[in-house]
$ cat query_28.txt   # compact mmCIF, C-alpha atoms
# COMPACT_ATOMS: atom_id res chain seq x y z
CA MET A 1 -28.82 30.06 60.15
CA ALA A 2 -28.12 27.32 57.60
CA GLU A 3 -31.19 28.32 55.61
CA HIS A 4 -29.93 31.89 55.30
CA LEU A 5 -26.53 30.63 54.18
CA ILE A 6 -28.15 28.51 51.46
CA VAL A 7 -30.16 31.48 50.21
CA VAL A 8 -27.00 33.62 50.10
CA ALA A 9 -25.16 30.87 48.22
CA ALA A 10 -28.00 30.55 45.69
CA VAL A 11 -27.99 34.30 45.06
CA LEU A 12 -24.21 34.25 44.60
CA ILE A 13 -24.48 31.32 42.20
CA PHE A 14 -27.03 33.11 40.02
CA LEU A 15 -24.88 36.23 40.08
CA GLY A 16 -21.97 34.07 38.91
CA ILE A 17 -24.05 32.59 36.10
CA LEU A 18 -25.09 36.10 35.05
CA LEU A 19 -21.50 37.35 34.98
CA GLY A 20 -20.34 34.26 33.09
CA VAL A 21 -23.01 34.67 30.42
CA LEU A 22 -22.11 38.37 30.18
CA ARG A 23 -18.46 37.51 29.59
CA LEU A 24 -19.53 34.92 27.02
CA VAL A 25 -21.59 37.48 25.12
CA LEU A 26 -19.04 40.29 25.31
CA GLY A 27 -15.92 38.12 25.03
CA ARG A 28 -13.32 39.56 22.72
CA THR A 29 -11.32 36.44 21.95
CA ILE A 30 -12.31 32.79 21.82
CA VAL A 31 -10.19 32.10 24.90
CA ASP A 32 -12.40 34.43 26.95
CA ARG A 33 -15.46 32.49 25.88
CA VAL A 34 -13.92 29.10 26.65
CA ILE A 35 -12.89 30.27 30.13
CA ALA A 36 -16.41 31.64 30.66
CA VAL A 37 -17.92 28.27 29.77
CA ASP A 38 -15.51 26.53 32.14
CA MET A 39 -16.49 28.90 34.94
CA LEU A 40 -20.19 28.35 34.19
CA THR A 41 -19.60 24.59 34.48
CA VAL A 42 -18.03 24.92 37.92
CA VAL A 43 -20.78 27.27 39.09
CA SER A 44 -23.51 24.94 37.85
CA ILE A 45 -21.88 21.97 39.63
CA SER A 46 -22.19 23.91 42.88
CA LEU A 47 -25.80 24.74 41.95
CA ILE A 48 -26.52 21.03 41.54
CA ALA A 49 -24.93 20.29 44.93
CA ILE A 50 -27.01 22.97 46.67
CA TYR A 51 -30.19 21.76 44.97
CA ALA A 52 -29.40 18.20 46.11
CA HIS A 53 -29.36 19.51 49.68
CA VAL A 54 -32.49 21.64 49.29
CA ALA A 55 -34.55 18.92 47.62
CA ASP A 56 -33.09 16.33 50.06
CA ARG A 57 -32.26 13.86 47.31
CA LEU A 58 -28.71 12.58 47.46
CA ILE A 59 -29.04 10.94 44.02
CA TYR A 60 -28.57 14.41 42.52
CA LEU A 61 -25.01 14.43 43.80
CA ASP A 62 -24.23 11.65 41.31
CA VAL A 63 -25.16 14.02 38.49
CA ALA A 64 -22.75 16.60 39.89
CA LEU A 65 -20.06 13.92 40.13
CA VAL A 66 -20.48 12.75 36.53
CA TYR A 67 -20.60 16.33 35.35
CA GLY A 68 -17.43 17.23 37.21
CA VAL A 69 -15.61 14.22 35.79
CA LEU A 70 -16.70 14.76 32.19
CA SER A 71 -16.96 18.53 31.88
CA PHE A 72 -13.24 19.27 31.87
CA LEU A 73 -12.91 17.04 28.81
CA ALA A 74 -14.61 19.50 26.47
CA VAL A 75 -12.53 22.45 27.71
CA LEU A 76 -9.40 20.31 27.42
CA ALA A 77 -10.28 19.42 23.83
CA VAL A 78 -10.92 23.06 22.92
CA ALA A 79 -7.63 24.13 24.51
CA ARG A 80 -5.71 21.42 22.67
CA TYR A 81 -7.42 22.39 19.42
CA LEU A 82 -6.52 26.05 19.89
CA GLU A 83 -2.93 25.18 20.71
CA ARG A 84 -1.95 22.80 17.91
CA GLY A 85 -4.95 21.02 16.46
CA LEU A 86 -6.87 18.06 17.86
CA MET B 1 -38.91 29.58 43.47
CA LEU B 2 -38.42 26.38 41.49
CA GLU B 3 -40.53 27.68 38.60
CA LEU B 4 -38.49 30.90 38.54
CA MET B 5 -35.25 28.91 38.32
CA VAL B 6 -36.66 26.74 35.52
CA PHE B 7 -37.77 29.83 33.60
CA LEU B 8 -34.34 31.44 34.03
CA LEU B 9 -32.64 28.29 32.76
CA CYS B 10 -34.98 28.03 29.76
CA GLY B 11 -34.16 31.65 28.91
CA SER B 12 -30.47 30.82 29.19
CA ILE B 13 -30.92 27.94 26.74
CA ILE B 14 -32.55 30.30 24.25
CA VAL B 15 -29.79 32.88 24.74
CA SER B 16 -27.14 30.20 24.14
CA GLY B 17 -28.84 29.09 20.95
CA LEU B 18 -29.05 32.67 19.68
CA LEU B 19 -25.36 33.15 20.53
CA ALA B 20 -24.45 30.00 18.60
CA ILE B 21 -26.22 31.45 15.56
CA HIS B 22 -25.08 35.06 15.75
CA LEU B 23 -21.47 34.81 16.93
CA GLY B 24 -19.03 35.14 14.09
CA SER B 25 -16.60 32.27 14.36
CA THR B 26 -17.26 28.55 14.22
CA MET B 27 -15.35 27.90 17.44
CA ALA B 28 -17.58 30.31 19.37
CA ALA B 29 -20.63 28.54 17.96
CA ILE B 30 -19.30 25.17 19.17
CA VAL B 31 -18.65 26.54 22.66
CA SER B 32 -22.13 28.09 22.77
CA ALA B 33 -23.71 24.80 21.74
CA GLY B 34 -21.92 23.12 24.66
CA LEU B 35 -23.28 25.82 26.93
CA ALA B 36 -26.83 25.13 25.73
CA GLY B 37 -26.31 21.47 26.67
CA LEU B 38 -25.11 22.56 30.12
CA PHE B 39 -28.20 24.65 30.81
CA ALA B 40 -30.45 21.91 29.44
CA ALA B 41 -28.90 19.43 31.87
CA LEU B 42 -29.54 21.81 34.76
CA CYS B 43 -33.14 22.25 33.59
CA TYR B 44 -33.70 18.49 33.46
CA LEU B 45 -32.29 18.16 36.94
CA LEU B 46 -34.59 20.81 38.38
CA LEU B 47 -37.54 19.03 36.72
CA ALA B 48 -36.62 15.89 38.76
CA ALA B 49 -35.04 13.77 36.02
CA PRO B 50 -31.49 13.10 37.23
CA ASP B 51 -30.79 10.25 34.80
CA VAL B 52 -31.71 12.37 31.79
CA ALA B 53 -29.59 15.17 33.23
CA MET B 54 -26.61 12.82 33.59
CA THR B 55 -26.92 11.62 29.99
CA GLU B 56 -27.33 15.16 28.68
CA ALA B 57 -24.30 16.34 30.67
CA SER B 58 -22.05 13.56 29.41
CA ILE B 59 -23.19 13.39 25.78
CA GLY B 60 -24.67 16.78 24.98
CA SER B 61 -22.07 18.90 26.69
CA GLY B 62 -18.95 16.70 26.63
CA LEU B 63 -19.00 14.32 23.71
CA SER B 64 -20.77 16.50 21.14
CA THR B 65 -18.19 19.28 21.64
CA LEU B 66 -15.43 16.75 20.96
CA ILE B 67 -17.18 15.48 17.82
CA PHE B 68 -17.79 19.03 16.58
CA LEU B 69 -14.11 19.87 17.08
CA TYR B 70 -13.06 16.70 15.27
CA ALA B 71 -15.37 17.53 12.36
CA LEU B 72 -14.04 21.09 12.27
CA ARG B 73 -10.50 19.76 12.08
CA ARG B 74 -11.36 17.27 9.34
CA THR B 75 -13.05 19.97 7.27
CA ALA B 76 -10.08 22.31 7.50
CA GLY B 77 -10.29 25.54 5.57
CA ALA B 78 -13.87 26.31 6.49
CA GLU B 79 -12.75 27.78 9.80
CA THR B 80 -12.81 31.53 10.20

$ encode --input "query_28.txt" --output "structure tokens"
Amino acid sequence: MAEHLIVVAAVLIFLGILLGVLRLVLGRTIVDRVIAVDMLTVVSISLIAIYAHVADRLIYLDVALVYGVLSFLAVLAVARYLERGL
Amino acid sequence: MLELMVFLLCGSIIVSGLLAIHLGSTMAAIVSAGLAGLFAALCYLLLAAPDVAMTEASIGSGLSTLIFLYALRRTAGAET
């Protein structure tokens, strides 16, 4: 049962990555592209977490942790730049 | 399965690089460069190098975007 759930989650994650890249390519404004990159970051954090379970190595969760802490910084900087300059 | 995921991620890195070249504005190029760093970190992780992935995620995707934005602000007028 759990194996099937992990396969379904992996398929959904790759679908999410596909849709995010599609939005990044097609994006009309720069805000669309920044939001797409933010969504891709969140999706890839969940991909790292699932791979840590599949490969049975808990050290990979540290990578997801560091990525989650640091990844919002870039989006925050871009948002602040778009609003009124860095 | 693992090889397929690595190939998909390598293709995504190439697509991000092409986007950074071909998109019109400088801001979109900066965002695409950050995306290439993201996919590279995932690729390193799948190839069993978590420390390299951590460094790439923090520096390549986070810090380099900040530095690019700072440089873009300091060279004002070149922005489209």

$ residues_around --input "query_28.txt" --residues "Ile30 (chain B)" --least-positions-apart "6" --cutoff "12 Å" --atoms "all atoms listed in the file" --output "PyMOL selection string"
(chain A and resi 30+33-34+37+74-75+77-78) or (chain B and resi 16-17+19-24+36-37+60-72+79)

$ closest_atom_pairs --input "query_28.txt" --of "chain A" --to "chain B" --cutoff "10 Å" --atoms "all atoms listed in the file" --output "Markdown table"
| residue | atom | partner | partner_atom | distance |
| --- | --- | --- | --- | --- |
| A:Phe14 | CA | B:Met5 | CA | 9.4 |
| A:Ile17 | CA | B:Ser12 | CA | 9.6 |
| A:Leu18 | CA | B:Ser12 | CA | 9.5 |
| A:Val21 | CA | B:Ser12 | CA | 8.5 |
| A:Leu24 | CA | B:Ser32 | CA | 8.5 |
| A:Val25 | CA | B:Leu19 | CA | 7.4 |
| A:Gly27 | CA | B:Ala28 | CA | 9.8 |
| A:Thr29 | CA | B:Ala28 | CA | 9.1 |
| A:Ile30 | CA | B:Ala28 | CA | 6.3 |
| A:Val31 | CA | B:Ala28 | CA | 9.4 |
| A:Arg33 | CA | B:Ala28 | CA | 7.2 |
| A:Val34 | CA | B:Val31 | CA | 6.7 |
| A:Ala36 | CA | B:Leu35 | CA | 9.7 |
| A:Val37 | CA | B:Leu35 | CA | 6.5 |
| A:Asp38 | CA | B:Leu35 | CA | 9.4 |
| A:Leu40 | CA | B:Leu35 | CA | 8.3 |
| A:Thr41 | CA | B:Leu38 | CA | 7.3 |
| A:Ser44 | CA | B:Leu42 | CA | 7.5 |
| A:Ile45 | CA | B:Leu42 | CA | 9.1 |
| A:Leu47 | CA | B:Leu42 | CA | 8.6 |
| A:Ile48 | CA | B:Leu42 | CA | 7.5 |
| A:Tyr51 | CA | B:Leu46 | CA | 8.0 |
| A:Ala52 | CA | B:Leu45 | CA | 9.6 |
| A:Ala55 | CA | B:Leu46 | CA | 9.4 |
| A:Arg57 | CA | B:Ala48 | CA | 9.8 |
| A:Ile59 | CA | B:Pro50 | CA | 7.5 |
| A:Tyr60 | CA | B:Pro50 | CA | 6.2 |
| A:Leu61 | CA | B:Pro50 | CA | 9.3 |
| A:Asp62 | CA | B:Met54 | CA | 8.2 |
| A:Val63 | CA | B:Met54 | CA | 5.2 |
| A:Ala64 | CA | B:Met54 | CA | 8.3 |
| A:Leu65 | CA | B:Met54 | CA | 9.3 |
| A:Val66 | CA | B:Met54 | CA | 6.8 |
| A:Tyr67 | CA | B:Ala57 | CA | 6.0 |
| A:Gly68 | CA | B:Ala57 | CA | 9.5 |
| A:Val69 | CA | B:Ser58 | CA | 9.1 |
| A:Leu70 | CA | B:Ser58 | CA | 6.1 |
| A:Ser71 | CA | B:Gly62 | CA | 5.9 |
| A:Phe72 | CA | B:Gly62 | CA | 8.2 |
| A:Leu73 | CA | B:Gly62 | CA | 6.4 |
| A:Ala74 | CA | B:Gly62 | CA | 5.2 |
| A:Val75 | CA | B:Gly62 | CA | 8.7 |
| A:Leu76 | CA | B:Leu66 | CA | 9.5 |
| A:Ala77 | CA | B:Leu66 | CA | 6.5 |
| A:Val78 | CA | B:Leu69 | CA | 7.4 |
| A:Tyr81 | CA | B:Leu69 | CA | 7.5 |
| A:Leu82 | CA | B:Met27 | CA | 9.3 |
| A:Gly85 | CA | B:Arg73 | CA | 7.2 |
| A:Leu86 | CA | B:Tyr70 | CA | 6.8 |

$ atom_distance --input "query_28.txt" --atom1 "CA of Cys43 (chain B)" --atom2 "CA of Cys10 (chain B)"
7.2 Å

$ atom_distance --input "query_28.txt" --atom1 "CA of Ile13 (chain B)" --atom2 "CA of Ala40 (chain B)"
6.6 Å

$ atom_distance --input "query_28.txt" --atom1 "CA of His53 (chain A)" --atom2 "CA of His4 (chain A)"
13.6 Å

$ axis_aligned_box --input "query_28.txt" --around "region 46-52 of chain A" --padding-each-side "4 Å" --output "lines of an AutoDock Vina configuration file"
center_x = -26.2
center_y = 21.5
center_z = 44.1
size_x = 16.0
size_y = 14.5
size_z = 13.1
